[in-house]
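Visitor: What follows is data.txt, made up of compact mmCIF, C-alpha atoms and all ligand atoms:
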```txt
# COMPACT_ATOMS: atom_id res chain seq x y z
CA MET A 8 -32.82 -4.88 70.10
CA PHE A 9 -30.23 -6.07 67.63
CA LEU A 10 -28.73 -9.42 66.74
CA SER A 11 -25.44 -9.69 64.84
CA PHE A 12 -23.88 -12.75 63.27
CA PHE A 13 -20.11 -13.04 63.63
CA GLY A 14 -19.57 -16.70 62.81
CA GLY A 15 -21.39 -19.82 61.65
CA THR A 16 -22.52 -17.81 58.61
CA LYS A 17 -22.52 -19.94 55.44
CA PHE A 18 -19.95 -22.14 57.13
CA VAL A 19 -20.12 -24.51 60.09
CA THR A 20 -17.57 -23.11 62.51
CA GLY A 21 -16.80 -20.00 64.56
CA ALA A 22 -20.27 -19.65 66.15
CA ASN A 23 -20.53 -16.17 67.68
CA TYR A 24 -23.70 -14.13 68.03
CA LEU A 25 -24.06 -10.71 69.61
CA LEU A 26 -27.38 -9.69 71.16
CA GLU A 27 -27.68 -5.99 72.03
CA THR A 28 -30.62 -4.74 74.05
CA SER A 29 -31.13 -1.33 75.63
CA ASN A 30 -29.53 -2.62 78.85
CA ASN A 31 -27.30 -5.52 77.87
CA LYS A 32 -24.76 -6.81 75.41
CA ILE A 33 -24.31 -10.55 75.48
CA LEU A 34 -22.66 -13.15 73.30
CA ILE A 35 -23.85 -16.63 72.55
CA ASP A 36 -20.80 -18.84 71.89
CA CYS A 37 -17.35 -17.64 70.93
CA GLY A 38 -16.00 -20.38 68.73
CA LEU A 39 -12.90 -21.00 66.72
CA PHE A 40 -13.02 -20.77 62.93
CA GLN A 41 -11.88 -24.05 61.39
CA GLY A 42 -11.60 -25.57 57.92
CA LYS A 43 -10.76 -23.51 54.85
CA GLU A 44 -7.85 -21.08 55.04
CA GLU A 45 -9.88 -17.93 54.41
CA ILE A 46 -12.18 -18.87 57.29
CA VAL A 47 -9.35 -19.84 59.67
CA LYS A 48 -7.68 -16.47 59.26
CA LYS A 49 -10.71 -14.79 60.85
CA ASN A 50 -9.42 -16.12 64.19
CA PHE A 51 -6.69 -13.50 64.07
CA GLN A 52 -8.81 -10.56 62.99
CA PRO A 53 -9.96 -8.12 65.70
CA PHE A 54 -13.33 -8.84 67.30
CA PRO A 55 -16.02 -6.79 65.51
CA TYR A 56 -17.15 -5.46 68.94
CA ASP A 57 -15.41 -4.27 72.07
CA PRO A 58 -14.93 -7.29 74.39
CA LYS A 59 -14.89 -4.92 77.39
CA GLU A 60 -18.49 -3.93 76.70
CA ILE A 61 -19.86 -7.47 76.74
CA ASP A 62 -21.80 -8.27 79.95
CA ALA A 63 -21.83 -12.05 79.67
CA VAL A 64 -21.27 -15.02 77.38
CA ILE A 65 -23.55 -18.04 77.23
CA ILE A 66 -21.96 -21.20 75.84
CA THR A 67 -24.05 -23.88 74.15
CA HIS A 68 -21.46 -26.69 74.31
CA SER A 69 -17.79 -27.48 74.58
CA HIS A 70 -16.83 -28.15 70.95
CA ILE A 71 -13.94 -25.90 70.00
CA ASP A 72 -15.91 -24.20 67.21
CA HIS A 73 -18.19 -22.88 69.97
CA ILE A 74 -15.64 -21.99 72.69
CA GLY A 75 -12.22 -21.65 71.01
CA ARG A 76 -11.97 -17.84 71.03
CA LEU A 77 -13.07 -17.37 74.66
CA PRO A 78 -9.50 -16.94 76.00
CA ARG A 79 -8.83 -14.35 73.33
CA LEU A 80 -12.00 -12.51 74.30
CA VAL A 81 -10.73 -12.43 77.90
CA LYS A 82 -7.27 -11.39 76.75
CA GLU A 83 -8.88 -8.41 75.02
CA GLY A 84 -10.79 -7.22 78.05
CA PHE A 85 -13.91 -9.32 78.60
CA SER A 86 -14.42 -9.87 82.33
CA GLY A 87 -18.06 -10.92 82.75
CA PRO A 88 -19.48 -14.31 83.61
CA ILE A 89 -19.33 -17.26 81.17
CA PHE A 90 -22.46 -19.36 81.65
CA ALA A 91 -22.92 -23.01 80.61
CA THR A 92 -23.88 -26.36 82.11
CA PRO A 93 -21.33 -27.78 84.62
CA ALA A 94 -20.41 -30.60 82.21
CA THR A 95 -19.80 -28.14 79.39
CA LEU A 96 -17.50 -26.06 81.58
CA ASP A 97 -15.52 -29.11 82.76
CA LEU A 98 -15.12 -30.33 79.18
CA ALA A 99 -14.32 -26.79 77.98
CA LYS A 100 -11.32 -26.72 80.33
CA LEU A 101 -9.97 -29.90 78.72
CA MET A 102 -10.67 -28.73 75.19
CA LEU A 103 -9.11 -25.29 75.66
CA GLU A 104 -6.01 -26.75 77.36
CA ASP A 105 -5.69 -29.02 74.35
CA GLU A 106 -6.15 -26.11 71.97
CA LEU A 107 -3.41 -24.18 73.80
CA ASN A 108 -1.04 -27.10 73.25
CA ILE A 109 -1.82 -27.66 69.57
CA GLN A 110 -2.24 -24.06 68.35
CA LYS A 111 0.21 -23.35 65.56
CA GLU A 112 0.04 -19.55 65.80
CA THR A 113 -0.49 -18.03 69.22
CA LEU A 114 -4.06 -16.96 69.79
CA PHE A 115 -3.89 -17.00 73.60
CA SER A 116 -1.54 -17.89 76.46
CA ARG A 117 -1.83 -20.05 79.57
CA LYS A 118 -2.45 -16.88 81.59
CA ASP A 119 -5.44 -15.98 79.39
CA LEU A 120 -6.72 -19.49 79.85
CA LYS A 121 -6.54 -19.31 83.66
CA ARG A 122 -8.38 -15.99 83.68
CA THR A 123 -11.02 -17.49 81.40
CA PHE A 124 -11.62 -20.45 83.73
CA ARG A 125 -12.15 -18.07 86.65
CA LEU A 126 -15.14 -16.55 84.81
CA PHE A 127 -16.92 -19.90 84.40
CA ARG A 128 -20.38 -19.98 86.05
CA PRO A 129 -22.20 -23.34 85.94
CA VAL A 130 -25.95 -23.30 85.37
CA GLU A 131 -28.11 -26.42 85.36
CA TYR A 132 -30.63 -27.25 82.65
CA HIS A 133 -34.09 -25.63 83.02
CA LYS A 134 -32.99 -23.11 85.64
CA ARG A 135 -33.98 -19.60 84.62
CA THR A 136 -31.01 -17.31 85.27
CA LYS A 137 -30.77 -13.52 85.21
CA ILE A 138 -27.87 -11.85 83.49
CA PRO A 139 -26.24 -9.06 85.49
CA ASN A 140 -25.18 -5.87 83.78
CA ARG A 141 -23.45 -2.66 84.65
CA LEU A 142 -26.74 -0.92 85.31
CA VAL A 143 -28.85 -1.84 88.29
CA PHE A 144 -31.74 -2.98 86.16
CA SER A 145 -31.48 -5.97 83.90
CA ASP A 146 -34.45 -7.62 82.24
CA LEU A 147 -32.49 -10.31 80.43
CA SER A 148 -32.63 -13.93 81.52
CA PHE A 149 -31.97 -17.30 79.93
CA LYS A 150 -32.68 -20.99 80.25
CA LEU A 151 -30.75 -24.02 78.96
CA LEU A 152 -32.47 -27.06 77.44
CA ASP A 153 -30.77 -30.38 76.64
CA ALA A 154 -29.58 -30.37 73.02
CA GLY A 155 -28.61 -34.07 73.07
CA HIS A 156 -25.53 -33.28 70.95
CA ILE A 157 -22.62 -33.96 73.32
CA LEU A 158 -22.43 -34.25 77.10
CA GLY A 159 -23.67 -30.99 78.66
CA SER A 160 -24.79 -29.50 75.33
CA ALA A 161 -27.59 -26.96 75.48
CA ILE A 162 -30.13 -25.03 73.49
CA VAL A 163 -30.24 -21.46 74.82
CA GLU A 164 -33.53 -19.64 75.33
CA VAL A 165 -33.05 -15.91 75.92
CA PHE A 166 -35.92 -13.88 77.40
CA VAL A 167 -35.75 -10.11 76.97
CA GLU A 168 -38.08 -7.18 76.24
CA GLY A 169 -41.06 -9.53 76.22
CA LYS A 170 -39.50 -11.66 73.47
CA LYS A 171 -37.94 -15.07 73.36
CA ILE A 172 -34.93 -15.86 71.18
CA ILE A 173 -33.74 -19.43 70.67
CA PHE A 174 -30.18 -20.39 69.84
CA SER A 175 -30.11 -24.05 68.83
CA GLY A 176 -26.38 -24.56 69.37
CA ASP A 177 -25.72 -27.91 67.75
CA LEU A 178 -28.66 -30.31 67.85
CA GLY A 179 -28.13 -33.99 68.55
CA ASN A 180 -28.85 -36.99 66.41
CA SER A 181 -31.34 -38.61 68.78
CA PRO A 182 -31.60 -41.35 69.81
CA THR A 183 -27.92 -41.64 70.70
CA PRO A 184 -26.29 -44.40 72.76
CA LEU A 185 -25.58 -42.21 75.82
CA LEU A 186 -27.47 -38.95 75.81
CA ARG A 187 -31.05 -37.92 76.30
CA GLN A 188 -33.31 -36.85 73.44
CA THR A 189 -32.96 -33.34 72.08
CA GLU A 190 -35.51 -31.13 73.82
CA PHE A 191 -38.07 -29.06 71.97
CA PRO A 192 -38.51 -25.45 73.09
CA SER A 193 -42.21 -24.71 73.51
CA SER A 194 -42.14 -21.43 71.57
CA GLY A 195 -39.84 -18.68 70.30
CA ASP A 196 -40.16 -15.36 68.48
CA TYR A 197 -36.81 -15.75 66.76
CA VAL A 198 -34.94 -18.97 66.16
CA LEU A 199 -31.35 -19.61 65.12
CA ILE A 200 -31.07 -23.15 63.84
CA GLU A 201 -27.91 -25.06 62.97
CA SER A 202 -27.71 -26.67 59.53
CA THR A 203 -24.63 -28.92 59.36
CA TYR A 204 -26.84 -31.58 57.78
CA GLY A 205 -29.42 -29.12 56.43
CA ASP A 206 -29.43 -30.80 53.02
CA ARG A 207 -29.00 -34.44 53.99
CA ASN A 208 -30.50 -37.26 56.01
CA HIS A 209 -28.59 -39.96 57.86
CA PRO A 210 -29.32 -43.20 56.05
CA ASP A 211 -27.68 -45.44 58.65
CA LEU A 212 -29.20 -44.27 61.92
CA LEU A 213 -30.97 -47.49 62.84
CA LYS A 214 -28.45 -49.90 61.34
CA ARG A 215 -25.31 -48.10 62.48
CA LYS A 216 -24.36 -50.71 65.04
CA ASP A 217 -24.78 -53.55 62.55
CA LEU A 218 -22.70 -51.65 60.01
CA LEU A 219 -20.00 -51.17 62.63
CA GLU A 220 -20.07 -54.85 63.52
CA ASP A 221 -19.92 -55.88 59.83
CA THR A 222 -16.97 -53.57 59.18
CA ILE A 223 -15.06 -54.89 62.18
CA GLU A 224 -15.65 -58.52 61.17
CA GLU A 225 -14.65 -57.84 57.57
CA VAL A 226 -11.42 -55.98 58.35
CA ILE A 227 -10.32 -58.14 61.27
CA GLY A 228 -11.25 -61.23 59.26
CA ARG A 229 -8.64 -60.40 56.65
CA GLY A 230 -6.06 -59.52 59.30
CA GLY A 231 -6.26 -55.78 58.70
CA VAL A 232 -6.03 -52.73 60.90
CA LEU A 233 -9.22 -50.75 61.42
CA MET A 234 -8.57 -47.05 62.02
CA ILE A 235 -11.36 -44.83 63.28
CA PRO A 236 -10.61 -41.10 63.37
CA SER A 237 -12.82 -39.81 66.13
CA PHE A 238 -13.63 -36.60 67.94
CA ALA A 239 -12.46 -36.86 71.53
CA LEU A 240 -15.85 -35.87 72.86
CA GLU A 241 -18.98 -37.92 72.51
CA ARG A 242 -18.17 -39.87 69.35
CA THR A 243 -15.39 -41.71 71.12
CA GLN A 244 -17.47 -42.37 74.23
CA GLU A 245 -20.35 -43.54 72.08
CA LEU A 246 -18.06 -45.87 70.17
CA LEU A 247 -16.77 -47.28 73.45
CA TYR A 248 -20.35 -47.79 74.55
CA GLU A 249 -21.03 -49.76 71.35
CA PHE A 250 -17.78 -51.72 71.61
CA ASN A 251 -18.59 -52.53 75.24
CA GLU A 252 -21.75 -54.25 74.09
CA LEU A 253 -20.19 -55.92 71.03
CA VAL A 254 -17.26 -57.28 73.05
CA GLU A 255 -19.18 -58.42 76.10
CA ASN A 256 -21.72 -60.26 73.96
CA HIS A 257 -18.94 -61.83 71.86
CA ARG A 258 -20.30 -60.26 68.69
CA ILE A 259 -16.86 -59.33 67.32
CA PRO A 260 -13.53 -61.22 67.08
CA LYS A 261 -11.08 -60.93 69.97
CA VAL A 262 -8.66 -58.15 69.03
CA SER A 263 -7.12 -55.26 70.90
CA ILE A 264 -8.95 -51.96 70.72
CA PHE A 265 -6.61 -49.03 71.29
CA LEU A 266 -7.96 -45.71 72.44
CA ASP A 267 -5.07 -43.54 71.28
CA SER A 268 -6.34 -40.12 72.25
CA PRO A 269 -5.12 -38.42 75.44
CA LEU A 270 -8.00 -35.94 75.23
CA ALA A 271 -10.60 -38.68 74.97
CA ILE A 272 -8.95 -40.60 77.81
CA ASP A 273 -8.94 -37.47 79.99
CA SER A 274 -12.59 -36.77 79.25
CA ILE A 275 -13.76 -40.16 80.52
CA PRO A 276 -13.72 -39.12 84.21
CA ILE A 277 -15.95 -36.18 83.25
CA TYR A 278 -18.33 -38.56 81.49
CA LYS A 279 -18.39 -40.65 84.65
CA LYS A 280 -18.99 -37.57 86.81
CA TYR A 281 -22.10 -36.52 84.89
CA LYS A 282 -23.98 -39.79 84.69
CA ARG A 283 -27.06 -37.80 85.66
CA TYR A 284 -27.21 -36.51 82.09
CA TYR A 285 -27.34 -39.99 80.52
CA ASN A 286 -30.45 -41.46 78.94
CA LYS A 287 -32.49 -44.22 80.57
CA GLU A 288 -30.81 -47.14 78.80
CA ALA A 289 -27.27 -46.03 79.60
CA SER A 290 -28.25 -45.31 83.21
CA TYR A 291 -29.79 -48.77 83.46
CA ILE A 292 -26.64 -50.46 82.16
CA LEU A 293 -24.57 -48.51 84.67
CA ARG A 294 -26.87 -49.41 87.53
CA SER A 295 -26.62 -53.06 86.57
CA GLY A 296 -22.95 -52.83 87.46
CA ASP A 297 -21.41 -52.67 83.99
CA GLU A 298 -18.77 -49.99 83.50
CA ILE A 299 -19.42 -48.64 80.02
CA PHE A 300 -15.87 -47.49 79.44
CA GLU A 301 -14.12 -50.67 80.60
CA PHE A 302 -14.13 -54.03 78.83
CA PRO A 303 -11.66 -56.78 77.86
CA ARG A 304 -8.88 -55.88 75.38
CA LEU A 305 -9.57 -52.13 75.56
CA VAL A 306 -6.20 -50.41 75.89
CA PHE A 307 -5.72 -46.74 76.76
CA THR A 308 -2.51 -45.38 75.27
CA LYS A 309 -2.09 -42.01 76.88
CA THR A 310 1.65 -41.44 76.56
CA ILE A 311 3.57 -41.11 73.31
CA GLU A 312 5.64 -44.20 74.17
CA GLN A 313 2.48 -46.28 74.66
CA SER A 314 1.12 -44.91 71.39
CA LYS A 315 4.28 -45.82 69.48
CA ARG A 316 4.08 -49.38 70.76
CA ILE A 317 0.76 -49.92 68.96
CA GLU A 318 2.69 -50.26 65.71
CA ALA A 319 4.88 -52.98 67.15
CA ILE A 320 1.88 -55.20 67.76
CA SER A 321 1.44 -57.14 64.54
CA GLY A 322 -1.79 -58.39 63.05
CA ALA A 323 -5.35 -57.22 63.25
CA LYS A 324 -6.33 -54.45 65.64
CA ILE A 325 -8.64 -51.50 66.05
CA ILE A 326 -7.34 -47.98 66.66
CA ILE A 327 -9.54 -45.07 67.70
CA ALA A 328 -7.61 -41.80 67.56
CA GLY A 329 -8.06 -38.06 67.07
CA SER A 330 -8.43 -35.72 65.47
CA GLY A 331 -11.84 -36.48 64.05
CA MET A 332 -11.12 -34.91 60.65
CA SER A 333 -7.45 -36.03 60.44
CA THR A 334 -6.27 -32.43 60.65
CA SER A 335 -3.84 -33.16 63.50
CA GLY A 336 -3.31 -35.64 66.33
CA ARG A 337 -2.16 -39.23 66.53
CA ILE A 338 -4.45 -40.56 63.81
CA LEU A 339 -1.96 -39.08 61.33
CA TYR A 340 0.80 -41.47 62.45
CA HIS A 341 -1.51 -44.42 62.00
CA GLU A 342 -2.74 -43.17 58.63
CA ARG A 343 0.84 -42.76 57.44
CA ARG A 344 1.62 -46.30 58.55
CA TYR A 345 -1.55 -48.14 57.49
CA LEU A 346 -3.19 -46.26 54.58
CA PRO A 347 -0.86 -47.74 51.89
CA ASP A 348 -2.03 -51.32 52.61
CA PRO A 349 -5.34 -52.46 51.02
CA LYS A 350 -5.87 -54.94 53.87
CA ASN A 351 -6.53 -52.05 56.26
CA CYS A 352 -9.55 -49.80 56.57
CA LEU A 353 -10.15 -46.20 57.50
CA LEU A 354 -13.65 -45.81 58.89
CA PHE A 355 -15.27 -42.37 59.14
CA VAL A 356 -17.95 -42.04 61.79
CA SER A 357 -18.26 -38.27 61.82
CA TYR A 358 -18.67 -35.22 59.68
CA GLN A 359 -15.64 -34.25 57.59
CA ALA A 360 -15.55 -30.50 56.90
CA GLU A 361 -14.58 -29.07 53.54
CA GLY A 362 -10.87 -28.50 53.18
CA THR A 363 -9.80 -31.07 55.79
CA ARG A 364 -7.55 -34.07 55.14
CA GLY A 365 -10.37 -36.35 56.24
CA ARG A 366 -12.72 -34.91 53.63
CA LYS A 367 -10.11 -35.39 50.90
CA ILE A 368 -9.69 -39.06 51.79
CA GLN A 369 -13.45 -39.52 52.06
CA ASP A 370 -13.86 -37.91 48.62
CA GLY A 371 -11.56 -40.55 47.13
CA ALA A 372 -8.06 -38.98 47.07
CA LYS A 373 -5.55 -41.57 45.83
CA GLU A 374 -2.69 -39.87 47.62
CA ILE A 375 -2.56 -37.70 50.70
CA GLU A 376 0.11 -35.55 52.30
CA ILE A 377 1.04 -36.31 55.90
CA PHE A 378 3.99 -34.54 57.58
CA GLY A 379 5.21 -33.43 54.16
CA GLU A 380 5.25 -37.01 52.84
CA LYS A 381 3.07 -38.24 50.01
CA ILE A 382 1.17 -41.29 51.26
CA PRO A 383 -0.71 -43.53 48.80
CA VAL A 384 -4.27 -44.30 49.89
CA ARG A 385 -4.84 -47.99 49.15
CA ALA A 386 -6.72 -48.97 52.29
CA GLN A 387 -10.46 -49.43 52.18
CA ILE A 388 -12.33 -46.18 52.96
CA LYS A 389 -15.72 -46.49 54.62
CA SER A 390 -18.19 -44.11 56.25
CA ILE A 391 -21.02 -44.76 58.67
CA GLU A 392 -23.16 -41.64 58.89
CA GLY A 393 -25.45 -42.83 61.65
CA TYR A 394 -22.94 -41.87 64.36
CA SER A 395 -23.05 -38.21 63.41
CA ALA A 396 -23.66 -36.04 66.47
CA HIS A 397 -25.83 -33.73 64.40
CA ALA A 398 -29.53 -33.83 63.69
CA ASP A 399 -30.20 -34.47 60.00
CA ARG A 400 -32.48 -32.50 57.68
CA ASN A 401 -35.65 -34.29 58.78
CA ALA A 402 -34.82 -33.91 62.48
CA LEU A 403 -34.02 -30.19 62.11
CA PHE A 404 -37.33 -29.71 60.32
CA ARG A 405 -39.21 -31.62 63.04
CA TRP A 406 -37.54 -29.55 65.77
CA LEU A 407 -38.63 -26.30 64.16
CA TYR A 408 -42.07 -27.61 63.31
CA HIS A 409 -42.55 -28.44 66.97
CA ILE A 410 -41.61 -24.92 68.08
CA LYS A 411 -43.90 -23.35 65.49
CA SER A 412 -46.91 -25.51 66.30
CA SER A 413 -46.66 -25.44 70.09
CA ALA A 414 -46.24 -21.65 70.02
CA LEU A 415 -49.38 -21.38 67.90
CA ILE A 416 -51.34 -23.61 70.28
CA LYS A 417 -50.20 -21.62 73.30
CA ASN A 418 -50.58 -18.40 71.36
CA GLU A 419 -47.35 -16.94 72.70
CA HIS A 420 -43.96 -16.17 71.20
CA THR A 421 -45.09 -17.32 67.75
CA VAL A 422 -42.16 -17.71 65.38
CA LYS A 423 -41.49 -14.53 63.40
CA ARG A 424 -38.15 -15.18 61.79
CA VAL A 425 -35.70 -18.05 61.45
CA PHE A 426 -31.97 -17.69 60.90
CA VAL A 427 -30.22 -20.70 59.43
CA VAL A 428 -26.63 -20.90 60.68
CA GLN A 429 -23.68 -23.25 61.25
CA GLY A 430 -23.79 -25.01 57.91
CA GLU A 431 -21.98 -24.88 54.60
CA GLU A 432 -23.83 -22.49 52.28
CA LYS A 433 -25.53 -25.21 50.23
CA ALA A 434 -26.83 -26.96 53.36
CA SER A 435 -28.04 -23.73 54.99
CA GLU A 436 -29.79 -22.49 51.83
CA SER A 437 -31.43 -25.86 51.31
CA LEU A 438 -32.81 -25.95 54.87
CA SER A 439 -33.91 -22.32 54.63
CA GLN A 440 -35.89 -23.13 51.47
CA LEU A 441 -37.51 -26.13 53.15
CA ILE A 442 -38.56 -23.96 56.12
CA LYS A 443 -40.07 -21.33 53.83
CA ASP A 444 -41.86 -23.85 51.59
CA HIS A 445 -43.15 -26.30 54.17
CA LEU A 446 -43.45 -24.34 57.40
CA GLY A 447 -44.44 -21.03 55.84
CA LEU A 448 -41.96 -19.20 58.05
CA GLU A 449 -39.67 -16.34 57.18
CA ALA A 450 -36.22 -17.90 56.94
CA GLU A 451 -32.84 -16.59 55.85
CA VAL A 452 -29.17 -17.45 55.81
CA PRO A 453 -27.33 -14.54 57.43
CA GLU A 454 -24.09 -13.08 56.09
CA TYR A 455 -21.01 -12.67 58.25
CA GLY A 456 -21.35 -9.36 60.12
CA GLN A 457 -25.06 -8.95 59.34
CA LYS A 458 -27.04 -7.03 61.97
CA VAL A 459 -30.78 -7.43 62.26
CA GLN A 460 -33.34 -5.65 64.39
CA LEU A 461 -35.59 -7.95 66.39
ZN ZN B 501 -20.84 -29.31 68.25
```
What is this file in structure tokens?

Guide:
Amino acid sequence: MFLSFFGGTKFVTGANYLLETSNNKILIDCGLFQGKEEIVKKNFQPFPYDPKEIDAVIITHSHIDHIGRLPRLVKEGFSGPIFATPATLDLAKLMLEDELNIQKETLFSRKDLKRTFRLFRPVEYHKRTKIPNRLVFSDLSFKLLDAGHILGSAIVEVFVEGKKIIFSGDLGNSPTPLLRQTEFPSSGDYVLIESTYGDRNHPDLLKRKDLLEDTIEEVIGRGGVLMIPSFALERTQELLYEFNELVENHRIPKVSIFLDSPLAIDSIPIYKKYKRYYNKEASYILRSGDEIFEFPRLVFTKTIEQSKRIEAISGAKIIIAGSGMSTSGRILYHERRYLPDPKNCLLFVSYQAEGTRGRKIQDGAKEIEIFGEKIPVRAQIKSIEGYSAHADRNALFRWLYHIKSSALIKNEHTVKRVFVVQGEEKASESLSQLIKDHLGLEAEVPEYGQKVQL
């Protein structure tokens, strides 16, 4: 059988892997390319395979760089099932609707989107599922494990021709406030492992909440505005979870906290619907009667009018808004308004990809362009890495070490080859080297379009 890499190759986004066996052709993820211009333009190039010939797609999670090209795949003839956990599919609907509304050049229409949703097939974690194909006989099946990355996120185990292939998707930064620990597959002949943080560790994991509290006290103390650009999924809900605790235990000053992200607001009912995926602590808090996403002075500003009124409220406040890398969304209005004042603070709590406005600010730009205007950056710029949704270098290594050693103990599906994907080249190469040196496994960083025989 053959595995081809059509995204997530020496860059983070656009995850898309084609597995061809004698009976089946399936895709794992079909994500949007984001970031640098030369990568983004791949979204408009023809698929390097015929979408009509694909039997099924398995989706690891609902981030747009893993699902964003699904409607285009359907538009170009794909008509098979799209498998993922029920939470992933619910969130994917929200994310793709949002993408339809914000896309600058047309990649897909509302009609394509509706046809895509009709192909959604929910599959629970740990349930082994057979993939149908056009022939009567199919020997390909898969299982989803909890990746602990965002709600519903999964690691995909594919079983075919007596072999087991693992697609890590994105791996979580366990322990996280809401989700369960990332699961360890018990073995795997071939492993694709993400590498967003393949060359770095998160220094703040255990002190992240204290750092957040300190930052709030410092900025609010001087009467400033604290802006937090945040991804609508997971990061925002995790922040609310932290704020819930900080507010209810009177650990931070009494100021309004605006959630200025329609997408994040719309995703909260889905978070409430899938409480069964929460970790023990979050479940316990819920059972004790506390609503995690409701607390004093938390204001949801869903409409544009409500959002505009935030500015009219003078004095200290906290604003959580998307997009997470300041590439679009309402955070831009707040940045334009508040970045020129040194009293204010822009706090990064998530990964800022190369080429994004967020990354430029984080790297110390003194001036930034927003809506064609040059805005001076005088506000304080801070980052807390501990809220990253991605496993760091040590955690990625541990995850792979676990697969290697448990496969050896069981003497089945011992790891033969590792493919390091979904990272910037430096991060992927660095993780690949670590795997070769310290796990003694064959590891490589695939090129875009590379096809390997398994
Ligand atoms: Zn992700």

Visitor: May I have the protein, DNA and RNA residues with any atom at most 8 Å from the point (-39.4, -6.5, 70.7), counting all atoms listed in the file, written as a VMD selection string?

Guide: chain A and resid 8 168 to 170 461

Visitor: Any chance you could export the current selection's C-alpha atoms as a compact mmCIF listing (two decimals), keeping the file's coordinate frame?

Guide:
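Below is the file that was written, again06.txt:
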```
# COMPACT_ATOMS: atom_id res chain seq x y z
CA MET A 8 -32.82 -4.88 70.10
CA GLU A 168 -38.08 -7.18 76.24
CA GLY A 169 -41.06 -9.53 76.22
CA LYS A 170 -39.50 -11.66 73.47
CA LEU A 461 -35.59 -7.95 66.39
```

Visitor: Using only C-alpha atoms, determine which residues lie at most 7 Å from Ala434 (chain A), disregarding the query and same-chain residues fewer than 6 positions distant; provide the list as a list in words.

Guide: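 The contact residues come out as Ser202, Thr203, Tyr204, Gly205 and Asp206 of chain A.
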
Visitor: Any idea what the distance is between CA of Ala271 (chain A) and CA of Gly14 (chain A)?

Guide: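 Rounded to one decimal, the two atoms are 26.7 Å apart.
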
Visitor: Could you please determine the separation between CA of Cys37 (chain A) and CA of Ile235 (chain A) in Å, to one decimal place?

Guide: 28.9 Å

Visitor: Might you pull out every residue within 10 Å of Asp273 (chain A), with only C-alpha atoms counted and same-chain residues fewer than 2 positions away left off, and present them as a list in words?

Guide: Leu98, Leu101, Ala239, Ser268, Pro269, Leu270, Ala271, Ile275, Pro276, Ile277, Tyr278 and Lys309 of chain A

Visitor: Could you save those same residues with C-alpha atoms as a short mmCIF file (atom, residue, chain, number, x, y, z; two decimals), keeping the file's coordinate frame?

Guide:
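Once written, selection34.cif looks like this:
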```cif
data_model
loop_
_atom_site.label_atom_id
_atom_site.label_comp_id
_atom_site.auth_asym_id
_atom_site.auth_seq_id
_atom_site.Cartn_x
_atom_site.Cartn_y
_atom_site.Cartn_z
CA LEU A 98 -15.12 -30.33 79.18
CA LEU A 101 -9.97 -29.90 78.72
CA ALA A 239 -12.46 -36.86 71.53
CA SER A 268 -6.34 -40.12 72.25
CA PRO A 269 -5.12 -38.42 75.44
CA LEU A 270 -8.00 -35.94 75.23
CA ALA A 271 -10.60 -38.68 74.97
CA ILE A 275 -13.76 -40.16 80.52
CA PRO A 276 -13.72 -39.12 84.21
CA ILE A 277 -15.95 -36.18 83.25
CA TYR A 278 -18.33 -38.56 81.49
CA LYS A 309 -2.09 -42.01 76.88
#
```

Visitor: When you write region 364-384 of chain A out from the block above, keep C-alpha atoms and present the result as a PDB file, in the first residue's frame, please.

Guide:
```pdb
ATOM      1  CA  ARG A 364       0.102  39.561  12.214  1.00  0.00           C
ATOM      2  CA  GLY A 365       0.161  37.977  15.652  1.00  0.00           C
ATOM      3  CA  ARG A 366       3.637  36.567  15.075  1.00  0.00           C
ATOM      4  CA  LYS A 367       4.917  39.968  13.935  1.00  0.00           C
ATOM      5  CA  ILE A 368       3.640  41.624  17.106  1.00  0.00           C
ATOM      6  CA  GLN A 369       4.997  38.799  19.244  1.00  0.00           C
ATOM      7  CA  ASP A 370       8.390  39.168  17.525  1.00  0.00           C
ATOM      8  CA  GLY A 371       8.511  42.826  18.606  1.00  0.00           C
ATOM      9  CA  ALA A 372       7.165  44.845  15.635  1.00  0.00           C
ATOM     10  CA  LYS A 373       6.982  48.528  16.610  1.00  0.00           C
ATOM     11  CA  GLU A 374       4.272  49.205  14.069  1.00  0.00           C
ATOM     12  CA  ILE A 375       1.619  47.005  12.536  1.00  0.00           C
ATOM     13  CA  GLU A 376      -0.806  47.412   9.666  1.00  0.00           C
ATOM     14  CA  ILE A 377      -4.499  46.984  10.417  1.00  0.00           C
ATOM     15  CA  PHE A 378      -7.148  47.751   7.769  1.00  0.00           C
ATOM     16  CA  GLY A 379      -4.518  49.622   5.756  1.00  0.00           C
ATOM     17  CA  GLU A 380      -3.637  51.875   8.704  1.00  0.00           C
ATOM     18  CA  LYS A 381      -0.249  51.937  10.375  1.00  0.00           C
ATOM     19  CA  ILE A 382      -0.786  51.347  14.094  1.00  0.00           C
ATOM     20  CA  PRO A 383       2.054  51.962  16.567  1.00  0.00           C
ATOM     21  CA  VAL A 384       2.566  49.096  19.010  1.00  0.00           C
TER      22      VAL A 384
END
```
